[in-house]
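This is data.cif (mmCIF, C-alpha atoms and all ligand atoms).
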data_target
#
loop_
_atom_site.label_atom_id
_atom_site.label_comp_id
_atom_site.auth_asym_id
_atom_site.auth_seq_id
_atom_site.Cartn_x
_atom_site.Cartn_y
_atom_site.Cartn_z
CA MET A 1073 63.17 -34.68 -54.44
CA THR A 1074 65.90 -36.94 -53.06
CA SER A 1075 64.70 -39.93 -51.12
CA ALA A 1076 65.35 -40.04 -47.39
CA LYS A 1077 68.30 -42.11 -46.33
CA ILE A 1078 67.27 -44.57 -43.65
CA PHE A 1079 70.13 -46.12 -41.78
CA PRO A 1080 70.10 -49.65 -40.36
CA LYS A 1081 68.87 -49.90 -36.79
CA LEU A 1082 71.49 -48.52 -34.40
CA VAL A 1083 73.13 -51.16 -32.25
CA ILE A 1084 75.32 -49.97 -29.39
CA PRO A 1085 77.48 -52.66 -27.82
CA ASP A 1086 78.01 -53.26 -24.15
CA THR A 1087 81.40 -51.87 -23.10
CA LEU A 1088 83.33 -52.03 -19.88
CA ALA A 1089 82.77 -48.46 -18.67
CA ALA A 1090 85.98 -47.83 -16.76
CA GLY A 1091 86.29 -44.09 -17.19
CA PRO A 1092 85.59 -40.99 -15.09
CA GLY A 1093 81.90 -41.27 -16.03
CA PRO A 1094 79.36 -42.22 -17.12
CA GLY A 1095 79.30 -45.01 -14.62
CA ASN A 1096 77.73 -48.42 -14.85
CA THR A 1097 74.04 -47.90 -14.29
CA ASP A 1098 72.43 -50.46 -12.03
CA ALA A 1099 70.14 -52.92 -13.82
CA ARG A 1100 67.38 -51.91 -11.40
CA VAL A 1101 67.56 -48.33 -12.68
CA LEU A 1102 67.28 -49.46 -16.30
CA ALA A 1103 64.37 -51.72 -15.39
CA ALA A 1104 62.60 -48.83 -13.67
CA PHE A 1105 63.17 -46.66 -16.74
CA ALA A 1106 61.83 -49.26 -19.17
CA GLY A 1107 59.07 -50.42 -16.85
CA ALA A 1108 57.36 -47.08 -16.29
CA GLY A 1109 53.99 -46.64 -17.93
CA VAL A 1110 53.15 -43.92 -20.40
CA ALA A 1111 52.11 -41.01 -18.19
CA ASP A 1112 52.27 -37.26 -18.59
CA HIS A 1113 54.16 -34.88 -16.38
CA MET A 1114 51.08 -33.84 -14.37
CA GLN A 1115 49.88 -37.40 -13.65
CA ALA A 1116 49.52 -38.00 -9.90
CA ASP A 1117 52.18 -40.73 -9.52
CA VAL A 1118 54.71 -38.82 -11.60
CA LEU A 1119 54.20 -35.76 -9.38
CA ARG A 1120 54.34 -37.90 -6.23
CA GLY A 1121 57.54 -39.53 -7.52
CA MET A 1122 59.12 -36.11 -8.01
CA VAL A 1123 58.20 -35.01 -4.50
CA GLU A 1124 59.63 -38.28 -3.11
CA CYS A 1125 62.81 -37.74 -5.15
CA LYS A 1126 63.13 -34.28 -3.62
CA HIS A 1127 62.94 -35.70 -0.09
CA MET A 1128 65.40 -38.50 -0.92
CA LEU A 1129 67.77 -35.96 -2.49
CA ARG A 1130 67.83 -33.94 0.73
CA SER A 1131 68.95 -37.07 2.61
CA PHE A 1132 71.41 -38.08 -0.10
CA MET A 1133 72.97 -34.61 -0.13
CA GLY A 1134 72.83 -34.10 3.62
CA THR A 1135 70.92 -30.85 3.57
CA ALA A 1136 67.86 -29.13 4.92
CA ASN A 1137 67.97 -26.61 2.04
CA ILE A 1138 64.38 -26.28 0.88
CA HIS A 1139 65.57 -25.52 -2.65
CA THR A 1140 66.96 -29.01 -3.25
CA PHE A 1141 65.69 -30.59 -6.45
CA ALA A 1142 67.04 -31.69 -9.81
CA VAL A 1143 67.42 -30.10 -13.21
CA ALA A 1144 66.49 -32.01 -16.36
CA GLY A 1145 69.64 -32.81 -18.29
CA THR A 1146 73.31 -33.48 -17.60
CA GLY A 1147 75.81 -32.09 -15.15
CA TRP A 1148 76.20 -28.89 -17.18
CA SER A 1149 72.45 -28.28 -16.97
CA GLY A 1150 72.61 -28.31 -13.16
CA LEU A 1151 75.74 -26.16 -13.22
CA ASP A 1152 74.06 -23.68 -15.55
CA CYS A 1153 71.14 -23.48 -13.14
CA MET A 1154 73.52 -22.97 -10.21
CA MET A 1155 75.41 -20.19 -12.01
CA SER A 1156 72.28 -18.49 -13.28
CA ALA A 1157 72.29 -16.00 -10.39
CA VAL A 1158 75.67 -14.65 -11.52
CA MET A 1159 74.87 -11.45 -13.42
CA PRO A 1160 76.86 -9.14 -15.72
CA GLY A 1161 79.36 -7.14 -13.71
CA ASP A 1162 79.23 -9.42 -10.63
CA THR A 1163 82.58 -10.03 -8.97
CA VAL A 1164 83.67 -13.67 -9.06
CA VAL A 1165 86.77 -15.64 -8.08
CA ALA A 1166 86.99 -19.06 -9.75
CA PHE A 1167 89.61 -21.73 -8.99
CA VAL A 1168 90.64 -23.89 -11.95
CA ASN A 1169 92.73 -27.07 -11.77
CA GLY A 1170 91.57 -29.08 -14.76
CA THR A 1171 89.17 -29.46 -17.68
CA PHE A 1172 85.88 -29.26 -15.83
CA SER A 1173 86.62 -26.37 -13.50
CA GLY A 1174 88.02 -24.69 -16.62
CA ILE A 1175 84.64 -25.00 -18.37
CA ASP A 1176 82.90 -23.88 -15.17
CA ALA A 1177 85.09 -20.79 -15.16
CA LEU A 1178 84.22 -20.16 -18.82
CA THR A 1179 80.52 -20.33 -17.91
CA LEU A 1180 81.09 -17.84 -15.10
CA ARG A 1181 83.04 -15.53 -17.42
CA MET A 1182 80.18 -15.64 -19.93
CA LYS A 1183 77.59 -14.86 -17.26
CA ALA A 1184 79.54 -12.13 -15.47
CA ALA A 1185 80.68 -10.37 -18.67
CA THR A 1186 79.02 -7.08 -19.57
CA ARG A 1187 77.54 -6.87 -23.07
CA GLU A 1188 80.64 -5.05 -24.29
CA GLU A 1189 82.99 -7.60 -22.72
CA LEU A 1190 81.04 -10.47 -24.23
CA ALA A 1191 80.99 -8.91 -27.69
CA GLN A 1192 84.76 -8.39 -27.56
CA ASP A 1193 85.42 -12.14 -27.37
CA ALA A 1194 82.07 -13.87 -27.45
CA LEU A 1195 83.28 -17.45 -27.03
CA ASP A 1196 86.01 -16.70 -24.52
CA PRO A 1197 85.19 -13.47 -22.72
CA LYS A 1198 87.57 -12.03 -20.13
CA PRO A 1199 85.46 -9.78 -17.94
CA ALA A 1200 87.28 -7.46 -15.56
CA SER A 1201 85.06 -8.57 -12.68
CA VAL A 1202 86.12 -12.24 -12.84
CA THR A 1203 89.40 -13.46 -11.35
CA VAL A 1204 90.46 -16.94 -12.42
CA ILE A 1205 93.09 -18.58 -10.22
CA GLU A 1206 94.87 -21.33 -12.15
CA VAL A 1207 96.29 -24.25 -10.18
CA ALA A 1208 98.59 -26.64 -12.08
CA HIS A 1209 97.15 -29.85 -13.57
CA GLY A 1210 97.68 -32.69 -11.10
CA GLU A 1211 97.54 -30.42 -8.05
CA SER A 1212 94.69 -29.67 -5.66
CA VAL A 1213 93.24 -26.28 -4.84
CA THR A 1214 94.38 -25.67 -1.26
CA GLY A 1215 92.92 -23.63 1.59
CA ASP A 1216 95.86 -21.19 1.45
CA VAL A 1217 95.34 -20.39 -2.22
CA ILE A 1218 91.62 -19.87 -1.63
CA GLU A 1219 92.14 -17.71 1.44
CA ALA A 1220 94.68 -15.46 -0.31
CA ALA A 1221 92.43 -14.87 -3.34
CA LEU A 1222 89.21 -14.25 -1.43
CA ALA A 1223 90.95 -11.97 1.09
CA LYS A 1224 92.33 -9.89 -1.77
CA VAL A 1225 89.29 -9.70 -4.07
CA LYS A 1226 86.37 -10.06 -1.62
CA PRO A 1227 84.05 -11.16 -4.44
CA LYS A 1228 80.29 -11.60 -4.39
CA TRP A 1229 80.73 -15.19 -5.69
CA ALA A 1230 83.49 -17.78 -5.31
CA PHE A 1231 83.62 -20.99 -7.33
CA MET A 1232 85.44 -24.30 -7.00
CA ALA A 1233 85.03 -27.89 -8.21
CA HIS A 1234 84.96 -30.23 -5.23
CA TRP A 1235 86.55 -33.11 -7.18
CA GLU A 1236 88.21 -32.08 -10.46
CA THR A 1237 87.65 -35.09 -12.70
CA GLY A 1238 89.99 -33.81 -15.43
CA SER A 1239 93.08 -34.26 -13.27
CA GLY A 1240 91.55 -36.55 -10.65
CA ARG A 1241 92.16 -34.15 -7.76
CA ILE A 1242 90.23 -33.46 -4.55
CA ASN A 1243 90.05 -29.77 -3.64
CA ASP A 1244 89.76 -28.31 -0.14
CA LEU A 1245 86.03 -27.96 0.41
CA LYS A 1246 86.34 -27.08 4.10
CA GLY A 1247 88.92 -24.40 3.37
CA PHE A 1248 86.71 -23.06 0.59
CA SER A 1249 83.59 -22.90 2.76
CA GLU A 1250 85.45 -21.24 5.65
CA ALA A 1251 87.11 -18.66 3.40
CA CYS A 1252 83.72 -17.84 1.83
CA GLU A 1253 82.28 -17.25 5.31
CA ARG A 1254 85.26 -15.14 6.40
CA HIS A 1255 85.14 -12.90 3.35
CA GLY A 1256 81.40 -12.69 2.76
CA ALA A 1257 81.45 -14.51 -0.58
CA MET A 1258 78.67 -16.83 -1.71
CA GLY A 1259 80.31 -20.15 -2.56
CA LEU A 1260 79.33 -22.15 -5.64
CA VAL A 1261 80.53 -25.76 -5.88
CA ASP A 1262 80.67 -28.22 -8.78
CA ALA A 1263 80.02 -31.50 -6.94
CA VAL A 1264 79.45 -33.49 -10.14
CA SER A 1265 82.13 -36.08 -9.40
CA SER A 1266 82.00 -36.23 -5.60
CA LEU A 1267 78.27 -36.69 -4.92
CA GLY A 1268 77.56 -40.35 -4.23
CA VAL A 1269 81.26 -41.22 -3.96
CA ALA A 1270 82.52 -39.07 -1.06
CA ASP A 1271 80.90 -39.21 2.36
CA PHE A 1272 80.00 -35.57 2.97
CA ALA A 1273 76.95 -33.51 3.89
CA LEU A 1274 76.22 -30.18 2.24
CA ASP A 1275 75.10 -28.59 5.49
CA ASP A 1276 78.57 -29.06 7.00
CA TYR A 1277 79.79 -26.37 4.57
CA PRO A 1278 77.77 -23.25 5.39
CA GLY A 1279 79.93 -20.99 3.20
CA VAL A 1280 78.62 -22.75 0.11
CA ALA A 1281 75.38 -21.23 -1.18
CA GLY A 1282 74.91 -23.28 -4.35
CA TRP A 1283 75.70 -26.86 -5.29
CA ALA A 1284 75.31 -28.80 -8.54
CA SER A 1285 75.91 -32.43 -9.47
CA CYS A 1286 74.95 -34.82 -12.27
CA PRO A 1287 72.96 -37.99 -12.93
CA GLN A 1288 75.64 -40.22 -14.41
CA LYS A 1289 78.56 -40.38 -12.00
CA GLY A 1290 78.18 -41.32 -8.31
CA LEU A 1291 74.40 -41.37 -8.56
CA LEU A 1292 74.61 -43.97 -11.36
CA CYS A 1293 71.60 -42.93 -13.37
CA LEU A 1294 72.90 -42.82 -16.93
CA PRO A 1295 69.55 -42.71 -18.65
CA LEU A 1296 70.09 -38.97 -18.64
CA THR A 1297 67.63 -37.82 -16.14
CA TYR A 1298 68.31 -35.19 -13.54
CA ALA A 1299 71.19 -33.15 -12.23
CA PRO A 1300 70.80 -32.61 -8.45
CA VAL A 1301 71.12 -29.01 -7.23
CA SER A 1302 70.75 -27.37 -3.84
CA PHE A 1303 70.59 -23.72 -2.81
CA THR A 1304 70.64 -22.00 0.57
CA ASP A 1305 68.05 -19.39 1.47
CA SER A 1306 70.72 -16.70 1.04
CA TYR A 1307 71.33 -17.81 -2.55
CA ILE A 1308 67.60 -17.65 -3.26
CA ALA A 1309 67.40 -14.20 -1.63
CA ALA A 1310 70.28 -12.97 -3.82
CA LEU A 1311 68.57 -14.41 -6.90
CA LYS A 1312 65.29 -12.76 -5.98
CA ALA A 1313 67.06 -9.44 -5.56
CA SER A 1314 68.92 -9.52 -8.88
CA GLY A 1315 66.79 -11.74 -11.09
CA CYS A 1316 68.42 -13.85 -13.79
CA TYR A 1317 68.23 -14.40 -17.53
CA THR A 1318 66.77 -17.89 -17.85
CA TYR A 1319 63.33 -19.44 -17.63
CA ALA A 1320 64.13 -23.13 -18.18
CA ASN A 1321 66.98 -23.39 -15.65
CA HIS A 1322 65.71 -20.73 -13.20
CA PRO A 1323 66.26 -22.12 -9.67
CA ILE A 1324 62.99 -20.71 -8.31
CA PHE A 1325 60.83 -21.56 -11.33
CA GLU A 1326 62.30 -25.02 -11.88
CA ALA A 1327 61.76 -25.91 -8.20
CA ARG A 1328 57.99 -25.53 -8.58
CA HIS A 1329 57.55 -28.78 -10.47
CA TRP A 1330 59.24 -30.57 -7.53
CA GLY A 1331 56.70 -29.12 -5.12
CA ILE A 1332 58.71 -26.15 -3.85
CA VAL A 1333 56.65 -22.98 -4.14
CA ASP A 1334 57.34 -19.64 -2.43
CA GLY A 1335 60.10 -21.22 -0.38
CA ARG A 1336 57.84 -23.93 1.02
CA ASP A 1337 57.13 -27.60 0.35
CA VAL A 1338 53.71 -28.09 -1.18
CA GLU A 1339 51.94 -31.39 -1.66
CA LYS A 1340 52.37 -31.54 -5.42
CA GLY A 1341 54.25 -29.68 -8.05
CA THR A 1342 52.98 -27.22 -10.61
CA TYR A 1343 53.92 -27.08 -14.28
CA HIS A 1344 57.39 -25.85 -15.16
CA ARG A 1345 58.34 -28.10 -18.06
CA THR A 1346 57.54 -31.54 -19.42
CA HIS A 1347 58.98 -34.35 -17.35
CA SER A 1348 59.19 -37.96 -18.46
CA GLY A 1349 57.66 -40.64 -16.27
CA TYR A 1350 60.51 -42.91 -17.43
CA ALA A 1351 63.14 -40.46 -16.20
CA VAL A 1352 61.37 -39.87 -12.89
CA ALA A 1353 61.07 -43.62 -12.27
CA ALA A 1354 64.76 -44.22 -13.06
CA PHE A 1355 65.95 -41.31 -10.91
CA HIS A 1356 63.72 -42.43 -8.04
CA GLU A 1357 65.15 -45.97 -8.18
CA ALA A 1358 68.74 -44.70 -8.34
CA LEU A 1359 68.13 -42.63 -5.20
CA ARG A 1360 66.56 -45.60 -3.44
CA ILE A 1361 69.61 -47.74 -4.23
CA ASN A 1362 72.07 -45.09 -3.09
CA LEU A 1363 70.23 -44.44 0.16
CA SER A 1364 69.80 -48.09 1.05
CA ASP A 1365 73.51 -48.76 0.39
CA SER A 1366 74.31 -45.60 2.41
CA LEU A 1367 76.84 -42.99 1.45
CA ALA A 1368 79.23 -44.00 4.23
CA ARG A 1369 79.36 -47.53 2.93
CA ARG A 1370 79.76 -46.51 -0.70
CA ALA A 1371 82.54 -44.08 0.19
CA ARG A 1372 84.36 -46.80 2.12
CA ASP A 1373 83.98 -49.29 -0.75
CA TYR A 1374 85.31 -46.77 -3.28
CA ALA A 1375 88.38 -46.07 -1.13
CA TYR A 1376 89.02 -49.79 -0.67
CA HIS A 1377 88.77 -50.75 -4.34
CA GLU A 1378 90.57 -47.65 -5.63
CA LYS A 1379 93.51 -48.66 -3.46
CA ALA A 1380 93.56 -52.10 -5.11
CA LEU A 1381 93.59 -50.57 -8.60
CA ARG A 1382 96.22 -48.01 -7.57
CA ASP A 1383 98.52 -50.65 -6.05
CA ALA A 1384 98.15 -52.80 -9.18
CA VAL A 1385 99.03 -50.06 -11.68
CA VAL A 1386 101.96 -48.95 -9.50
CA ALA A 1387 103.17 -52.57 -9.55
CA MET A 1388 103.06 -52.26 -13.38
CA GLY A 1389 105.46 -49.31 -13.16
CA CYS A 1390 102.89 -46.55 -13.68
CA THR A 1391 102.89 -43.30 -11.70
CA VAL A 1392 99.58 -42.21 -10.14
CA THR A 1393 98.96 -38.47 -9.74
CA SER A 1394 95.31 -38.44 -8.60
CA ASP A 1395 93.74 -38.63 -5.16
CA MET A 1396 90.04 -39.20 -5.99
CA THR A 1397 88.59 -42.55 -4.93
CA SER A 1398 86.51 -43.20 -8.07
CA LEU A 1399 89.31 -42.54 -10.54
CA VAL A 1400 93.01 -43.27 -11.02
CA VAL A 1401 94.98 -40.83 -13.21
CA LEU A 1402 98.37 -42.15 -14.21
CA ASN A 1403 101.43 -41.93 -16.43
CA LEU A 1404 102.77 -45.02 -18.19
CA PRO A 1405 106.15 -46.53 -17.23
CA ALA A 1406 109.09 -44.45 -18.52
CA HIS A 1407 109.84 -46.62 -21.56
CA LEU A 1408 106.25 -46.12 -22.82
CA ALA A 1409 106.01 -42.41 -21.92
CA GLY A 1410 104.22 -40.36 -24.56
CA ARG A 1411 102.16 -43.34 -25.81
CA GLU A 1412 99.24 -42.78 -23.40
CA MET A 1413 96.77 -41.70 -26.11
CA GLU A 1414 97.69 -44.68 -28.30
CA LEU A 1415 97.08 -47.08 -25.42
CA VAL A 1416 93.72 -45.52 -24.58
CA GLN A 1417 92.63 -45.76 -28.22
CA ASN A 1418 93.66 -49.41 -28.40
CA CYS A 1419 91.63 -50.18 -25.27
CA ARG A 1420 88.57 -48.24 -26.46
CA ALA A 1421 88.64 -50.03 -29.81
CA ARG A 1422 88.24 -53.27 -27.83
CA GLY A 1423 85.29 -52.09 -25.74
CA PHE A 1424 87.41 -51.29 -22.69
CA GLY A 1425 86.29 -47.72 -22.02
CA ILE A 1426 89.17 -45.98 -20.27
CA TRP A 1427 89.94 -42.31 -21.00
CA PRO A 1428 92.79 -39.91 -21.64
CA THR A 1429 92.92 -36.57 -19.87
CA LEU A 1430 91.20 -33.94 -22.01
CA SER A 1431 93.82 -31.27 -21.40
CA SER A 1432 97.61 -31.49 -21.32
CA PRO A 1433 99.57 -33.33 -20.19
CA VAL A 1434 98.05 -36.46 -21.73
CA GLN A 1435 97.55 -39.00 -18.96
CA ILE A 1436 95.38 -42.10 -18.62
CA ARG A 1437 92.21 -42.08 -16.53
CA ILE A 1438 90.73 -45.35 -15.25
CA GLY A 1439 87.50 -45.12 -13.28
CA ILE A 1440 85.64 -47.57 -11.08
CA LEU A 1441 82.11 -46.11 -10.88
CA ASN A 1442 79.86 -48.92 -9.65
CA GLN A 1443 82.70 -51.46 -10.17
CA LEU A 1444 82.97 -52.16 -6.49
CA SER A 1445 83.97 -55.80 -6.43
CA ARG A 1446 87.17 -57.80 -6.54
CA ALA A 1447 86.07 -59.42 -9.82
CA SER A 1448 85.45 -56.06 -11.54
CA ILE A 1449 88.76 -54.56 -10.39
CA THR A 1450 90.62 -57.70 -11.44
CA GLU A 1451 89.03 -57.51 -14.89
CA ILE A 1452 90.04 -53.86 -15.29
CA VAL A 1453 93.58 -54.56 -14.10
CA THR A 1454 93.97 -57.57 -16.38
CA ARG A 1455 92.75 -55.75 -19.47
CA PHE A 1456 94.94 -52.75 -18.73
CA ALA A 1457 98.04 -54.91 -18.21
CA LYS A 1458 97.35 -56.74 -21.46
CA ALA A 1459 97.09 -53.44 -23.33
CA ILE A 1460 100.50 -52.42 -21.96
CA ASN A 1461 102.03 -55.74 -22.92
CA ASP A 1462 100.51 -55.46 -26.40
CA MET A 1463 102.52 -52.25 -26.79
CA GLY A 1464 105.74 -53.96 -25.81
CA GLY A 1465 105.56 -53.64 -22.03
CA GLU A 1466 106.83 -56.47 -19.89
CA ILE A 1467 104.34 -56.80 -17.13
CA ASP A 1468 104.59 -59.85 -14.97
CA MET A 1469 100.94 -60.72 -14.36
CA GLY A 1470 101.91 -63.07 -11.54
CA ALA A 1471 103.39 -60.17 -9.59
CA VAL A 1472 100.40 -57.93 -10.31
CA ASN A 1473 97.97 -60.63 -9.22
CA ALA A 1474 99.98 -61.09 -6.04
CA VAL A 1475 99.54 -57.39 -5.26
CA LEU A 1476 95.79 -57.68 -5.83
CA GLY A 1477 95.64 -60.85 -3.76
CA ALA A 1478 97.47 -59.18 -0.87
CA HIS A 1479 95.14 -56.20 -1.01
CA TYR A 1480 92.02 -58.33 -0.99
CA GLN A 1481 93.33 -60.37 1.93
CA LYS A 1482 92.80 -57.23 3.96
CA THR A 1483 89.12 -57.18 4.70
CA LEU A 1484 87.13 -54.00 4.65
CA ALA A 1485 87.09 -52.54 8.14
CA ALA A 1486 83.62 -53.05 9.54
C1 LIG B 1 81.49 -34.87 -15.69
C2 LIG B 1 81.69 -33.54 -15.10
C3 LIG B 1 80.99 -32.40 -15.57
C4 LIG B 1 80.07 -32.45 -16.77
O1 LIG B 1 78.97 -33.29 -16.58
P1 LIG B 1 78.02 -33.70 -17.83
O2 LIG B 1 77.12 -34.73 -17.23
O3 LIG B 1 78.94 -34.21 -18.90
O4 LIG B 1 77.29 -32.49 -18.26
C5 LIG B 1 81.19 -31.20 -14.91
N1 LIG B 1 82.02 -31.11 -13.85
C6 LIG B 1 82.72 -32.16 -13.38
C7 LIG B 1 83.61 -31.99 -12.20
C8 LIG B 1 82.58 -33.40 -13.99
O5 LIG B 1 83.26 -34.46 -13.52
#

Output the structure of this file as structure tokens.
Amino acid sequence: MTSAKIFPKLVIPDTLAAGPGPGNTDARVLAAFAGAGVADHMQADVLRGMVECKHMLRSFMGTANIHTFAVAGTGWSGLDCMMSAVMPGDTVVAFVNGTFSGIDALTLRMKAATREELAQDALDPKPASVTVIEVAHGESVTGDVIEAALAKVKPKWAFMAHWETGSGRINDLKGFSEACERHGAMGLVDAVSSLGVADFALDDYPGVAGWASCPQKGLLCLPLTYAPVSFTDSYIAALKASGCYTYANHPIFEARHWGIVDGRDVEKGTYHRTHSGYAVAAFHEALRINLSDSLARRARDYAYHEKALRDAVVAMGCTVTSDMTSLVVLNLPAHLAGREMELVQNCRARGFGIWPTLSSPVQIRIGILNQLSRASITEIVTRFAKAINDMGGEIDMGAVNAVLGAHYQKTLAA
């Protein structure tokens, strides 16, 4: 017998998380996580906490949908739950303008494929019933593109990412919802990157039947806890009619532990799966923080500080191609073009966690999740400028600081 290899205790350093996500989790959330007692998933306060989370989620998401709860895991867990009602042979139109909507479309192709279609290309099926509309990297999905595709195909399901984090683009949610209503499609939306950053309410988009988000971006709950989801009654009716092939992520079954049974709120949940009191406490605290800050205020702060970062990198000679307010996607100045990946790697090696794009073209992504202060933005800008200068750039920090100073002279509108 060989002896077991025991590694030294794992130490993970603190980094400056300045990417598209995960965001900087509030110390209060970590304290809630670490401070929870040992309690099982049917203990009264754990169940009460889950019911309270459900009510806070409805406020946070701006919805009266009874099936509003959260799925254990990451963003993809919530998205898998949302897409679970899509069955083999279902007609789907999916709009793709970057890495994440691309993976969403792959999920939809896997779910809508017949057995034969799946077996033909198991990891990348191309079912006849799914239409994928590709929009170029760096561009948004517009109302016209959505309208044309839904008018032509008239699918059962339509899918779009609200904010495509891969290319940093905001897609037309209103146009999507209206086109879904006009053409009788049930809309499915990946709101992983927009929830908690954009000021919007689910119920203002009646064409959307299913929504999914994540714990670690706008909600700022990195101890991987829960991915918020919300479903209209018509989604639940469609799911009841067709059934679906999952127990763990089944929207009706999973909802029971959050106290949603037979389409009604009940006082306490019933067993669906094991929940951790630590995770429930952290998620609960993250929701409390978000609601007391208010979405409107957060959205305004993101727009204000994103503008500062954007102005600063433009002053460095970079070109910004994104329009999200939590993320700046950019190309380096012409004389450093093509060295984006090298710069990102240099920064990451020094604990400055910016990101490249994950699909071509290679661009740099700098995020500001929970970095909503002049000091944080200045730190990000300074470290980024230094990384450019280390590669032979000639950035005049005085000029960049002047741009930041001018921006921060302008106070946030009340
Ligand atoms: C981050 C992200 C995901 C994936 O979320 P995970 O938490 O990594 O599972 C999906 N969609 C979008 C738009 C994202 O930004």

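Closest approach to A:Arg1241 among A:Val1333, A:Ala1090, A:Met1396, A:Val1475 is made by A:Met1396 (distances from all atoms listed in the file).
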
>> Could you list, as a list in words, every residue within 10 Å of A:Ile1438, counting only C-alpha atoms and ignoring same-chain residues fewer than 4 positions away?
In response: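 Here the answer would be Ala1089, Ala1090, Gly1091, Pro1092, Gly1093, Gly1240, Glu1378, Leu1381, Arg1382, Ser1398, Leu1399, Val1400, Val1401, Leu1402, Val1416, Gly1425, Ile1426, Trp1427, Pro1428, Ile1452, Val1453 and Phe1456 of chain A.
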
Give me a file of those residues, with C-alpha atoms, as a compact mmCIF listing (two decimals), keeping the file's coordinate frame.
# COMPACT_ATOMS: atom_id res chain seq x y z
CA ALA A 1089 82.77 -48.46 -18.67
CA ALA A 1090 85.98 -47.83 -16.76
CA GLY A 1091 86.29 -44.09 -17.19
CA PRO A 1092 85.59 -40.99 -15.09
CA GLY A 1093 81.90 -41.27 -16.03
CA GLY A 1240 91.55 -36.55 -10.65
CA GLU A 1378 90.57 -47.65 -5.63
CA LEU A 1381 93.59 -50.57 -8.60
CA ARG A 1382 96.22 -48.01 -7.57
CA SER A 1398 86.51 -43.20 -8.07
CA LEU A 1399 89.31 -42.54 -10.54
CA VAL A 1400 93.01 -43.27 -11.02
CA VAL A 1401 94.98 -40.83 -13.21
CA LEU A 1402 98.37 -42.15 -14.21
CA VAL A 1416 93.72 -45.52 -24.58
CA GLY A 1425 86.29 -47.72 -22.02
CA ILE A 1426 89.17 -45.98 -20.27
CA TRP A 1427 89.94 -42.31 -21.00
CA PRO A 1428 92.79 -39.91 -21.64
CA ILE A 1452 90.04 -53.86 -15.29
CA VAL A 1453 93.58 -54.56 -14.10
CA PHE A 1456 94.94 -52.75 -18.73

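Between atom CA of A:Val1123 and atom CA of A:Lys1340 lies a distance of 6.8 Å.
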
>> Quick check, in Å to one decimal: how far apart do atom CA of A:Ile1138 and atom CA of A:Val1352 lie?
In response: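 Result for atom CA of A:Ile1138 versus atom CA of A:Val1352: 19.6 Å, one decimal.
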
Compile a residue-level contact table for stretch 1359-1404 of chain A against stretch 1291-1305 of chain A at a cut-off of 12 Å, reporting for every qualifying residue the shortest atom pair and its distance in Å to one decimal, with all atoms listed in the file counted, rows ordered by chain and ascending number, as CSV.
residue,atom,partner,partner_atom,distance
A:Leu1359,CA,A:Leu1291,CA,7.2
A:Arg1360,CA,A:Leu1291,CA,10.3
A:Ile1361,CA,A:Leu1291,CA,9.1
A:Asn1362,CA,A:Leu1291,CA,7.0
A:Leu1363,CA,A:Leu1291,CA,10.1
A:Asp1365,CA,A:Leu1291,CA,11.6
A:Ser1366,CA,A:Leu1291,CA,11.8
A:Leu1367,CA,A:Leu1291,CA,10.4
A:Arg1370,CA,A:Leu1291,CA,10.8

Would you write out those residues with C-alpha atoms, as an mmCIF file, in the frame of the given file?
data_model
loop_
_atom_site.group_PDB
_atom_site.id
_atom_site.type_symbol
_atom_site.label_atom_id
_atom_site.label_comp_id
_atom_site.auth_asym_id
_atom_site.auth_seq_id
_atom_site.Cartn_x
_atom_site.Cartn_y
_atom_site.Cartn_z
ATOM 1 C CA LEU A 1359 68.130 -42.630 -5.200
ATOM 2 C CA ARG A 1360 66.560 -45.600 -3.440
ATOM 3 C CA ILE A 1361 69.610 -47.740 -4.230
ATOM 4 C CA ASN A 1362 72.070 -45.090 -3.090
ATOM 5 C CA LEU A 1363 70.230 -44.440 0.160
ATOM 6 C CA ASP A 1365 73.510 -48.760 0.390
ATOM 7 C CA SER A 1366 74.310 -45.600 2.410
ATOM 8 C CA LEU A 1367 76.840 -42.990 1.450
ATOM 9 C CA ARG A 1370 79.760 -46.510 -0.700
#

>> Distance cut-off 12 Å, centre (80.1, -11.6, -4.2) in file coordinates, counting all atoms listed in the file: which residues qualify? Return them as a ChimeraX atom specification.
In response: /A:1157-1159,1161-1166,1184,1201-1203,1222,1225-1231,1252-1253,1255-1260,1279,1281,1306-1307,1310

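Minimum atom-to-atom distances from A:Thr1237, A:Thr1483, A:Asn1321, A:Asn1169 to A:Tyr1376 were compared using only C-alpha atoms, and the lowest value belongs to A:Thr1483.
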
>> From (90.7, -29.7, -10.7), in the file's coordinates, out to 9 Å: which residues are reached, counting only C-alpha atoms? Answer as JSON, numbers by chain.
In response: {"A": [1167, 1168, 1169, 1170, 1171, 1172, 1173, 1174, 1207, 1208, 1209, 1210, 1211, 1212, 1213, 1232, 1233, 1234, 1235, 1236, 1237, 1238, 1239, 1240, 1241, 1242, 1243]}

> Which residues come within 8 Å of A:Lys1246, counting only C-alpha atoms, excluding same-chain residues fewer than 2 positions away, as a list in words?
Replying inline: Gly1215, Asp1244, Phe1248, Ser1249, Glu1250 and Tyr1277 of chain A

> Separation of atom C8 of ligand LIG 1 (chain B) and atom CA of A:Arg1100, in Å?
Replying inline: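 Computing it gives 24.1 Å between the two atoms.
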
>> List as a ChimeraX atom specification the protein and nucleic acid residues near stretch 1408-1413 of chain A, meaning an atom at most 9 Å away when only C-alpha atoms are counted, but skip any in the same chain fewer than 4 places from it.
In response: /A:1403-1404,1417-1418,1427-1429,1434-1436,1460,1463-1465
